[in-house]
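Printed here is run_18.pdb (PDB, C-alpha atoms):
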MODEL        1
ATOM      1  CA  MET A   1     186.532 103.542  75.396  1.00  0.00           C
ATOM      2  CA  GLU A   2     186.111 106.962  73.789  1.00  0.00           C
ATOM      3  CA  ASP A   3     186.512 105.500  70.284  1.00  0.00           C
ATOM      4  CA  ALA A   4     183.808 102.929  71.003  1.00  0.00           C
ATOM      5  CA  LEU A   5     181.463 105.643  72.261  1.00  0.00           C
ATOM      6  CA  MET A   6     182.057 107.817  69.194  1.00  0.00           C
ATOM      7  CA  ALA A   7     181.546 104.810  66.913  1.00  0.00           C
ATOM      8  CA  GLY A   8     178.261 104.070  68.706  1.00  0.00           C
ATOM      9  CA  VAL A   9     177.058 107.661  68.339  1.00  0.00           C
ATOM     10  CA  ALA A  10     178.020 107.631  64.639  1.00  0.00           C
ATOM     11  CA  ALA A  11     176.108 104.373  64.122  1.00  0.00           C
ATOM     12  CA  VAL A  12     172.985 105.760  65.807  1.00  0.00           C
ATOM     13  CA  LEU A  13     173.146 108.971  63.746  1.00  0.00           C
ATOM     14  CA  HIS A  14     173.616 106.960  60.544  1.00  0.00           C
ATOM     15  CA  TYR A  15     170.615 104.782  61.417  1.00  0.00           C
ATOM     16  CA  LEU A  16     168.415 107.794  62.195  1.00  0.00           C
ATOM     17  CA  SER A  17     169.354 109.500  58.936  1.00  0.00           C
ATOM     18  CA  MET A  18     168.173 106.616  56.753  1.00  0.00           C
ATOM     19  CA  PRO A  19     165.161 107.651  54.648  1.00  0.00           C
ATOM     20  CA  GLU A  20     163.071 104.691  55.901  1.00  0.00           C
ATOM     21  CA  ILE A  21     163.571 105.860  59.483  1.00  0.00           C
ATOM     22  CA  GLY A  22     163.460 109.595  58.743  1.00  0.00           C
ATOM     23  CA  LEU A  23     159.923 110.590  59.782  1.00  0.00           C
ATOM     24  CA  GLY A  24     160.032 108.518  62.952  1.00  0.00           C
ATOM     25  CA  ALA A  25     163.391 110.005  63.855  1.00  0.00           C
ATOM     26  CA  VAL A  26     162.075 113.520  63.170  1.00  0.00           C
ATOM     27  CA  PHE A  27     159.115 112.857  65.468  1.00  0.00           C
ATOM     28  CA  VAL A  28     161.305 111.600  68.326  1.00  0.00           C
ATOM     29  CA  ILE A  29     163.850 114.404  67.946  1.00  0.00           C
ATOM     30  CA  ALA A  30     161.088 117.054  67.752  1.00  0.00           C
ATOM     31  CA  PHE A  31     159.361 115.590  70.812  1.00  0.00           C
ATOM     32  CA  VAL A  32     162.515 115.465  72.925  1.00  0.00           C
ATOM     33  CA  SER A  33     163.635 118.927  71.823  1.00  0.00           C
ATOM     34  CA  ALA A  34     160.354 120.423  73.084  1.00  0.00           C
ATOM     35  CA  THR A  35     161.056 119.265  76.614  1.00  0.00           C
ATOM     36  CA  LEU A  36     163.496 121.114  78.837  1.00  0.00           C
ATOM     37  CA  LEU A  37     166.426 119.212  77.301  1.00  0.00           C
ATOM     38  CA  PRO A  38     168.694 121.493  75.260  1.00  0.00           C
ATOM     39  CA  MET A  39     168.295 120.168  71.738  1.00  0.00           C
ATOM     40  CA  GLY A  40     167.152 121.483  68.372  1.00  0.00           C
ATOM     41  CA  SER A  41     165.002 119.632  65.876  1.00  0.00           C
ATOM     42  CA  GLU A  42     165.334 121.930  62.874  1.00  0.00           C
ATOM     43  CA  PRO A  43     168.529 120.261  61.569  1.00  0.00           C
ATOM     44  CA  ALA A  44     166.785 116.869  61.537  1.00  0.00           C
ATOM     45  CA  VAL A  45     163.777 118.250  59.626  1.00  0.00           C
ATOM     46  CA  PHE A  46     165.989 120.145  57.199  1.00  0.00           C
ATOM     47  CA  GLY A  47     168.266 117.141  56.652  1.00  0.00           C
ATOM     48  CA  LEU A  48     165.369 114.833  55.880  1.00  0.00           C
ATOM     49  CA  VAL A  49     163.708 117.316  53.537  1.00  0.00           C
ATOM     50  CA  LYS A  50     167.038 117.983  51.818  1.00  0.00           C
ATOM     51  CA  LEU A  51     167.413 114.229  51.201  1.00  0.00           C
ATOM     52  CA  GLN A  52     163.773 113.790  50.154  1.00  0.00           C
ATOM     53  CA  PRO A  53     162.265 117.114  48.977  1.00  0.00           C
ATOM     54  CA  ASP A  54     158.960 115.437  48.125  1.00  0.00           C
ATOM     55  CA  ILE A  55     158.185 114.896  51.826  1.00  0.00           C
ATOM     56  CA  PHE A  56     158.413 118.561  52.855  1.00  0.00           C
ATOM     57  CA  TRP A  57     154.859 118.706  54.243  1.00  0.00           C
ATOM     58  CA  PRO A  58     154.861 115.284  55.925  1.00  0.00           C
ATOM     59  CA  ALA A  59     158.183 116.112  57.611  1.00  0.00           C
ATOM     60  CA  VAL A  60     156.950 119.540  58.753  1.00  0.00           C
ATOM     61  CA  LEU A  61     153.677 118.098  60.053  1.00  0.00           C
ATOM     62  CA  VAL A  62     155.365 115.183  61.865  1.00  0.00           C
ATOM     63  CA  ALA A  63     157.849 117.594  63.456  1.00  0.00           C
ATOM     64  CA  THR A  64     155.010 119.918  64.472  1.00  0.00           C
ATOM     65  CA  VAL A  65     153.042 117.094  66.088  1.00  0.00           C
ATOM     66  CA  GLY A  66     156.099 115.748  67.898  1.00  0.00           C
ATOM     67  CA  ASN A  67     157.194 119.186  69.103  1.00  0.00           C
ATOM     68  CA  THR A  68     153.660 120.106  70.187  1.00  0.00           C
ATOM     69  CA  LEU A  69     153.289 116.855  72.150  1.00  0.00           C
ATOM     70  CA  GLY A  70     156.646 117.565  73.792  1.00  0.00           C
ATOM     71  CA  GLY A  71     155.336 121.021  74.723  1.00  0.00           C
ATOM     72  CA  ALA A  72     152.211 119.378  76.147  1.00  0.00           C
ATOM     73  CA  LEU A  73     154.372 117.089  78.277  1.00  0.00           C
ATOM     74  CA  THR A  74     156.286 120.129  79.520  1.00  0.00           C
ATOM     75  CA  TRP A  75     152.959 121.874  80.335  1.00  0.00           C
ATOM     76  CA  TRP A  76     151.917 118.825  82.393  1.00  0.00           C
ATOM     77  CA  MET A  77     155.295 118.800  84.155  1.00  0.00           C
ATOM     78  CA  GLY A  78     154.731 122.442  85.118  1.00  0.00           C
ATOM     79  CA  LEU A  79     151.274 121.622  86.465  1.00  0.00           C
ATOM     80  CA  ALA A  80     152.617 118.618  88.395  1.00  0.00           C
ATOM     81  CA  ALA A  81     155.381 120.772  89.882  1.00  0.00           C
ATOM     82  CA  ARG A  82     152.768 123.328  90.981  1.00  0.00           C
ATOM     83  CA  GLN A  83     150.605 120.640  92.573  1.00  0.00           C
ATOM     84  CA  ALA A  84     153.611 119.136  94.357  1.00  0.00           C
ATOM     85  CA  ALA A  85     154.700 122.566  95.628  1.00  0.00           C
ATOM     86  CA  ASP A  86     151.163 123.335  96.817  1.00  0.00           C
ATOM     87  CA  LYS A  87     151.013 119.981  98.602  1.00  0.00           C
ATOM     88  CA  VAL A  88     154.361 120.554 100.289  1.00  0.00           C
ATOM     89  CA  ARG A  89     153.258 124.011 101.388  1.00  0.00           C
ATOM     90  CA  HIS A  90     149.873 122.592 102.458  1.00  0.00           C
ATOM     91  CA  VAL A  91     148.032 125.009 100.209  1.00  0.00           C
ATOM     92  CA  ASP A  92     144.834 123.837  98.579  1.00  0.00           C
ATOM     93  CA  ASP A  93     143.298 125.479  95.515  1.00  0.00           C
ATOM     94  CA  HIS A  94     140.650 127.277  97.567  1.00  0.00           C
ATOM     95  CA  ALA A  95     143.143 128.900  99.914  1.00  0.00           C
ATOM     96  CA  ALA A  96     145.773 129.769  97.280  1.00  0.00           C
ATOM     97  CA  SER A  97     146.261 133.439  96.576  1.00  0.00           C
ATOM     98  CA  GLY A  98     145.792 134.823  93.099  1.00  0.00           C
ATOM     99  CA  GLU A  99     149.525 135.550  92.895  1.00  0.00           C
ATOM    100  CA  ALA A 100     150.954 132.361  91.377  1.00  0.00           C
ATOM    101  CA  LEU A 101     154.686 132.960  91.559  1.00  0.00           C
ATOM    102  CA  LEU A 102     157.341 130.332  91.077  1.00  0.00           C
ATOM    103  CA  PRO A 103     159.431 129.518  94.142  1.00  0.00           C
ATOM    104  CA  GLY A 104     162.825 131.190  94.067  1.00  0.00           C
ATOM    105  CA  HIS A 105     161.755 133.854  91.588  1.00  0.00           C
ATOM    106  CA  ASP A 106     161.658 137.023  93.584  1.00  0.00           C
ATOM    107  CA  LYS A 107     163.373 139.478  91.220  1.00  0.00           C
ATOM    108  CA  PRO A 108     161.184 142.239  89.747  1.00  0.00           C
ATOM    109  CA  ALA A 109     161.904 140.953  86.221  1.00  0.00           C
ATOM    110  CA  ASP A 110     160.625 137.489  87.203  1.00  0.00           C
ATOM    111  CA  HIS A 111     157.437 139.027  88.571  1.00  0.00           C
ATOM    112  CA  ARG A 112     156.936 141.076  85.391  1.00  0.00           C
ATOM    113  CA  ALA A 113     157.394 138.006  83.193  1.00  0.00           C
ATOM    114  CA  LEU A 114     154.914 135.976  85.224  1.00  0.00           C
ATOM    115  CA  ARG A 115     152.367 138.794  85.270  1.00  0.00           C
ATOM    116  CA  TRP A 116     152.804 139.168  81.499  1.00  0.00           C
ATOM    117  CA  LEU A 117     152.115 135.468  81.006  1.00  0.00           C
ATOM    118  CA  GLN A 118     149.098 135.609  83.317  1.00  0.00           C
ATOM    119  CA  ARG A 119     147.756 138.656  81.455  1.00  0.00           C
ATOM    120  CA  TYR A 120     148.083 137.156  77.954  1.00  0.00           C
ATOM    121  CA  GLY A 121     147.198 133.619  79.001  1.00  0.00           C
ATOM    122  CA  ALA A 122     147.119 130.781  76.490  1.00  0.00           C
ATOM    123  CA  PRO A 123     147.907 132.957  73.404  1.00  0.00           C
ATOM    124  CA  ALA A 124     151.356 133.538  74.916  1.00  0.00           C
ATOM    125  CA  CYS A 125     152.061 129.900  74.035  1.00  0.00           C
ATOM    126  CA  LEU A 126     152.393 131.039  70.410  1.00  0.00           C
ATOM    127  CA  LEU A 127     155.913 131.956  71.528  1.00  0.00           C
ATOM    128  CA  SER A 128     156.712 128.385  72.612  1.00  0.00           C
ATOM    129  CA  TRP A 129     158.770 127.995  69.429  1.00  0.00           C
ATOM    130  CA  LEU A 130     161.359 130.529  70.592  1.00  0.00           C
ATOM    131  CA  PRO A 131     164.817 129.258  71.483  1.00  0.00           C
ATOM    132  CA  VAL A 132     165.784 129.318  75.180  1.00  0.00           C
ATOM    133  CA  VAL A 133     162.456 130.694  76.502  1.00  0.00           C
ATOM    134  CA  GLY A 134     159.934 128.596  74.564  1.00  0.00           C
ATOM    135  CA  ASP A 135     160.210 125.340  76.499  1.00  0.00           C
ATOM    136  CA  PRO A 136     160.178 126.970  79.951  1.00  0.00           C
ATOM    137  CA  LEU A 137     157.190 129.029  78.766  1.00  0.00           C
ATOM    138  CA  CYS A 138     155.204 125.793  78.362  1.00  0.00           C
ATOM    139  CA  ALA A 139     156.194 124.667  81.873  1.00  0.00           C
ATOM    140  CA  VAL A 140     155.219 128.016  83.381  1.00  0.00           C
ATOM    141  CA  ALA A 141     151.882 127.895  81.531  1.00  0.00           C
ATOM    142  CA  GLY A 142     151.211 124.589  83.287  1.00  0.00           C
ATOM    143  CA  TRP A 143     152.408 126.006  86.624  1.00  0.00           C
ATOM    144  CA  LEU A 144     149.982 128.923  86.236  1.00  0.00           C
ATOM    145  CA  LYS A 145     147.211 126.458  85.364  1.00  0.00           C
ATOM    146  CA  LEU A 146     146.500 128.135  82.035  1.00  0.00           C
ATOM    147  CA  PRO A 147     143.875 126.110  80.136  1.00  0.00           C
ATOM    148  CA  PHE A 148     145.508 123.088  78.520  1.00  0.00           C
ATOM    149  CA  TRP A 149     143.661 122.817  75.182  1.00  0.00           C
ATOM    150  CA  PRO A 150     143.978 126.483  74.199  1.00  0.00           C
ATOM    151  CA  CYS A 151     147.665 126.366  75.196  1.00  0.00           C
ATOM    152  CA  LEU A 152     148.134 123.267  73.035  1.00  0.00           C
ATOM    153  CA  LEU A 153     146.441 124.940  70.061  1.00  0.00           C
ATOM    154  CA  PHE A 154     148.625 128.040  70.319  1.00  0.00           C
ATOM    155  CA  MET A 155     151.756 125.904  70.759  1.00  0.00           C
ATOM    156  CA  ALA A 156     150.886 123.969  67.589  1.00  0.00           C
ATOM    157  CA  ILE A 157     150.275 127.139  65.551  1.00  0.00           C
ATOM    158  CA  GLY A 158     153.570 128.689  66.634  1.00  0.00           C
ATOM    159  CA  LYS A 159     155.558 125.522  66.078  1.00  0.00           C
ATOM    160  CA  LEU A 160     154.013 124.877  62.632  1.00  0.00           C
ATOM    161  CA  ALA A 161     154.847 128.432  61.558  1.00  0.00           C
ATOM    162  CA  ARG A 162     158.439 127.962  62.752  1.00  0.00           C
ATOM    163  CA  TYR A 163     158.968 124.657  60.927  1.00  0.00           C
ATOM    164  CA  VAL A 164     157.451 125.920  57.666  1.00  0.00           C
ATOM    165  CA  THR A 165     159.451 129.150  57.772  1.00  0.00           C
ATOM    166  CA  MET A 166     162.771 127.669  58.892  1.00  0.00           C
ATOM    167  CA  THR A 167     162.695 124.646  56.597  1.00  0.00           C
ATOM    168  CA  ALA A 168     161.557 126.605  53.523  1.00  0.00           C
ATOM    169  CA  PHE A 169     164.208 129.260  54.193  1.00  0.00           C
ATOM    170  CA  LEU A 170     166.989 126.691  54.581  1.00  0.00           C
ATOM    171  CA  ILE A 171     165.911 124.853  51.422  1.00  0.00           C
ATOM    172  CA  HIS A 172     165.848 128.148  49.499  1.00  0.00           C
ATOM    173  CA  VAL A 173     169.252 129.263  50.794  1.00  0.00           C
ATOM    174  CA  THR A 174     171.087 125.994  50.146  1.00  0.00           C
TER     175      THR A 174
ENDMDL
END
If you took the structure in this file and wrote it as structure tokens, what would it be?
Amino acid sequence: MEDALMAGVAAVLHYLSMPEIGLGAVFVIAFVSATLLPMGSEPAVFGLVKLQPDIFWPAVLVATVGNTLGGALTWWMGLAARQAADKVRHVDDHAASGEALLPGHDKPADHRALRWLQRYGAPACLLSWLPVVGDPLCAVAGWLKLPFWPCLLFMAIGKLARYVTMTAFLIHVT
């Protein structure tokens, strides 16, 4: 059973690494890695560009679009979670207090982080490219009802800068 599973995973990875499939695979991997699932897309972008150096910019742009759309989905999930929590607590937007804290986050550090995000607003989404905190940052931006389009713009700028920097660095080093 385990051998069959490993053979299946190897077949899928081989299929996704084919140059004809490369950009589509990069898009899907970048999209999924921008959700709350623990996954990185940089190896896929680097691998494709290493195989086909002439598609550096298309690969970086496709990864940026996919990762930004994944961040947008995460923003919407944060907003939906907020609306569901408000509905459960029978709180409408007019009666809600200005203190928009996440349930279960009552440590002083949690409060500081949320206040920091509220203070900086959408530009804080520039940091959505960071490992570990970037994806939850998008969800919290949705929870706090930060404006969607500015958040999306800042996510895209941060993610583009990351892909250009990381991919160019890895190409230069190897």
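If you measure from each of A:Trp143, A:Trp57, A:Tyr15, A:Tyr163 to Gln118 of chain A using only C-alpha atoms, the closest one turns out to be A:Trp143.
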task: Find the spatial neighbours of Ile157 of chain A, counting all atoms listed in the file, within a cut-off of 12 Å - ignore same-chain residues fewer than 2 positions away - and output them as a PyMOL selection string.
output: chain A and resi 61+64-65+67-68+122-129+150-155+159-164
Please write the residues from the selection above to a file, keeping C-alpha atoms, as a CSV table (one decimal), in the coordinates of the input.
chain,number,residue,atom,x,y,z
A,61,LEU,CA,153.7,118.1,60.1
A,64,THR,CA,155.0,119.9,64.5
A,65,VAL,CA,153.0,117.1,66.1
A,67,ASN,CA,157.2,119.2,69.1
A,68,THR,CA,153.7,120.1,70.2
A,122,ALA,CA,147.1,130.8,76.5
A,123,PRO,CA,147.9,133.0,73.4
A,124,ALA,CA,151.4,133.5,74.9
A,125,CYS,CA,152.1,129.9,74.0
A,126,LEU,CA,152.4,131.0,70.4
A,127,LEU,CA,155.9,132.0,71.5
A,128,SER,CA,156.7,128.4,72.6
A,129,TRP,CA,158.8,128.0,69.4
A,150,PRO,CA,144.0,126.5,74.2
A,151,CYS,CA,147.7,126.4,75.2
A,152,LEU,CA,148.1,123.3,73.0
A,153,LEU,CA,146.4,124.9,70.1
A,154,PHE,CA,148.6,128.0,70.3
A,155,MET,CA,151.8,125.9,70.8
A,159,LYS,CA,155.6,125.5,66.1
A,160,LEU,CA,154.0,124.9,62.6
A,161,ALA,CA,154.8,128.4,61.6
A,162,ARG,CA,158.4,128.0,62.8
A,163,TYR,CA,159.0,124.7,60.9
A,164,VAL,CA,157.5,125.9,57.7
task: Convert the output of the PyMOL selection byres ((chain A and resi 132) around 12) on the shown file into explicit residues, formatted as a PyMOL selection string.
output: chain A and resi 33-40+127-131+133-138
- line: Atom pair atom CA of Phe46 of chain A + atom CA of Trp149 of chain A, distance 28.8 Å
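In this comparison, which uses all atoms listed in the file, the residue of A:Lys50, A:Ala44, A:Gly78, A:Ala139 approaching Val173 of chain A most closely is A:Lys50.
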Atom pair atom CA of Pro58 of chain A / atom CA of Phe169 of chain A: separation (Å): 16.9 Å
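Here atom CA of Val32 of chain A stands at a distance of 6.3 Å from atom CA of Gly70 of chain A.
Each of A:Arg115, A:Ala81, A:Leu5, A:Val60 was checked against Gly22 of chain A using only C-alpha atoms; the smallest atom-to-atom distance is that of A:Val60.
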field: Shell of 12 Å around Pro53 of chain A, all atoms listed in the file, local chain residues under 5 positions omitted, as a VMD selection string
entry: chain A and resid 19 45 to 48 58 to 60 167 to 168 171 to 172
Using the file's own x, y and z axes, so that the box edges lie along x, y and z, what centre and edge lengths in Å (one decimal) does a box around every listed atom of segment 61-78 of chain A get when 8 Å is added on each side? Give it as AutoDock Vina command-line options.
--center_x 154.9 --center_y 118.8 --center_z 72.6 --size_x 21.9 --size_y 23.3 --size_z 41.1
As a PDB file, keeping the file's coordinate frame, the rebuilt segment 26-41 of chain A with N, CA and C atoms:
ATOM      1  N   VAL A  26     162.465 112.109  63.052  1.00  0.00           N
ATOM      2  CA  VAL A  26     162.075 113.520  63.170  1.00  0.00           C
ATOM      3  C   VAL A  26     161.068 113.680  64.301  1.00  0.00           C
ATOM      4  N   PHE A  27     160.109 112.775  64.394  1.00  0.00           N
ATOM      5  CA  PHE A  27     159.115 112.857  65.468  1.00  0.00           C
ATOM      6  C   PHE A  27     159.787 112.782  66.835  1.00  0.00           C
ATOM      7  N   VAL A  28     160.643 111.783  67.025  1.00  0.00           N
ATOM      8  CA  VAL A  28     161.305 111.600  68.326  1.00  0.00           C
ATOM      9  C   VAL A  28     162.183 112.802  68.657  1.00  0.00           C
ATOM     10  N   ILE A  29     162.966 113.261  67.702  1.00  0.00           N
ATOM     11  CA  ILE A  29     163.850 114.404  67.946  1.00  0.00           C
ATOM     12  C   ILE A  29     163.029 115.657  68.254  1.00  0.00           C
ATOM     13  N   ALA A  30     161.940 115.881  67.508  1.00  0.00           N
ATOM     14  CA  ALA A  30     161.088 117.054  67.752  1.00  0.00           C
ATOM     15  C   ALA A  30     160.428 116.963  69.123  1.00  0.00           C
ATOM     16  N   PHE A  31     159.989 115.775  69.504  1.00  0.00           N
ATOM     17  CA  PHE A  31     159.361 115.590  70.812  1.00  0.00           C
ATOM     18  C   PHE A  31     160.349 115.898  71.938  1.00  0.00           C
ATOM     19  N   VAL A  32     161.513 115.284  71.865  1.00  0.00           N
ATOM     20  CA  VAL A  32     162.515 115.465  72.925  1.00  0.00           C
ATOM     21  C   VAL A  32     162.991 116.910  72.980  1.00  0.00           C
ATOM     22  N   SER A  33     163.129 117.553  71.823  1.00  0.00           N
ATOM     23  CA  SER A  33     163.635 118.927  71.823  1.00  0.00           C
ATOM     24  C   SER A  33     162.626 119.917  72.388  1.00  0.00           C
ATOM     25  N   ALA A  34     161.371 119.530  72.509  1.00  0.00           N
ATOM     26  CA  ALA A  34     160.354 120.423  73.084  1.00  0.00           C
ATOM     27  C   ALA A  34     160.270 120.293  74.594  1.00  0.00           C
ATOM     28  N   THR A  35     160.993 119.354  75.157  1.00  0.00           N
ATOM     29  CA  THR A  35     161.056 119.265  76.614  1.00  0.00           C
ATOM     30  C   THR A  35     162.147 120.226  77.073  1.00  0.00           C
ATOM     31  N   LEU A  36     162.497 120.186  78.319  1.00  0.00           N
ATOM     32  CA  LEU A  36     163.496 121.114  78.837  1.00  0.00           C
ATOM     33  C   LEU A  36     164.929 120.708  78.497  1.00  0.00           C
ATOM     34  N   LEU A  37     165.088 119.629  77.724  1.00  0.00           N
ATOM     35  CA  LEU A  37     166.426 119.212  77.301  1.00  0.00           C
ATOM     36  C   LEU A  37     166.926 120.146  76.203  1.00  0.00           C
ATOM     37  N   PRO A  38     168.175 120.569  76.275  1.00  0.00           N
ATOM     38  CA  PRO A  38     168.694 121.493  75.260  1.00  0.00           C
ATOM     39  C   PRO A  38     169.023 120.765  73.956  1.00  0.00           C
ATOM     40  N   MET A  39     168.128 120.885  73.001  1.00  0.00           N
ATOM     41  CA  MET A  39     168.295 120.168  71.738  1.00  0.00           C
ATOM     42  C   MET A  39     167.468 120.886  70.685  1.00  0.00           C
ATOM     43  N   GLY A  40     167.912 120.870  69.458  1.00  0.00           N
ATOM     44  CA  GLY A  40     167.152 121.483  68.372  1.00  0.00           C
ATOM     45  C   GLY A  40     166.719 120.435  67.372  1.00  0.00           C
ATOM     46  N   SER A  41     165.521 120.608  66.826  1.00  0.00           N
ATOM     47  CA  SER A  41     165.002 119.632  65.876  1.00  0.00           C
ATOM     48  C   SER A  41     165.072 120.117  64.432  1.00  0.00           C
TER      49      SER A  41
END
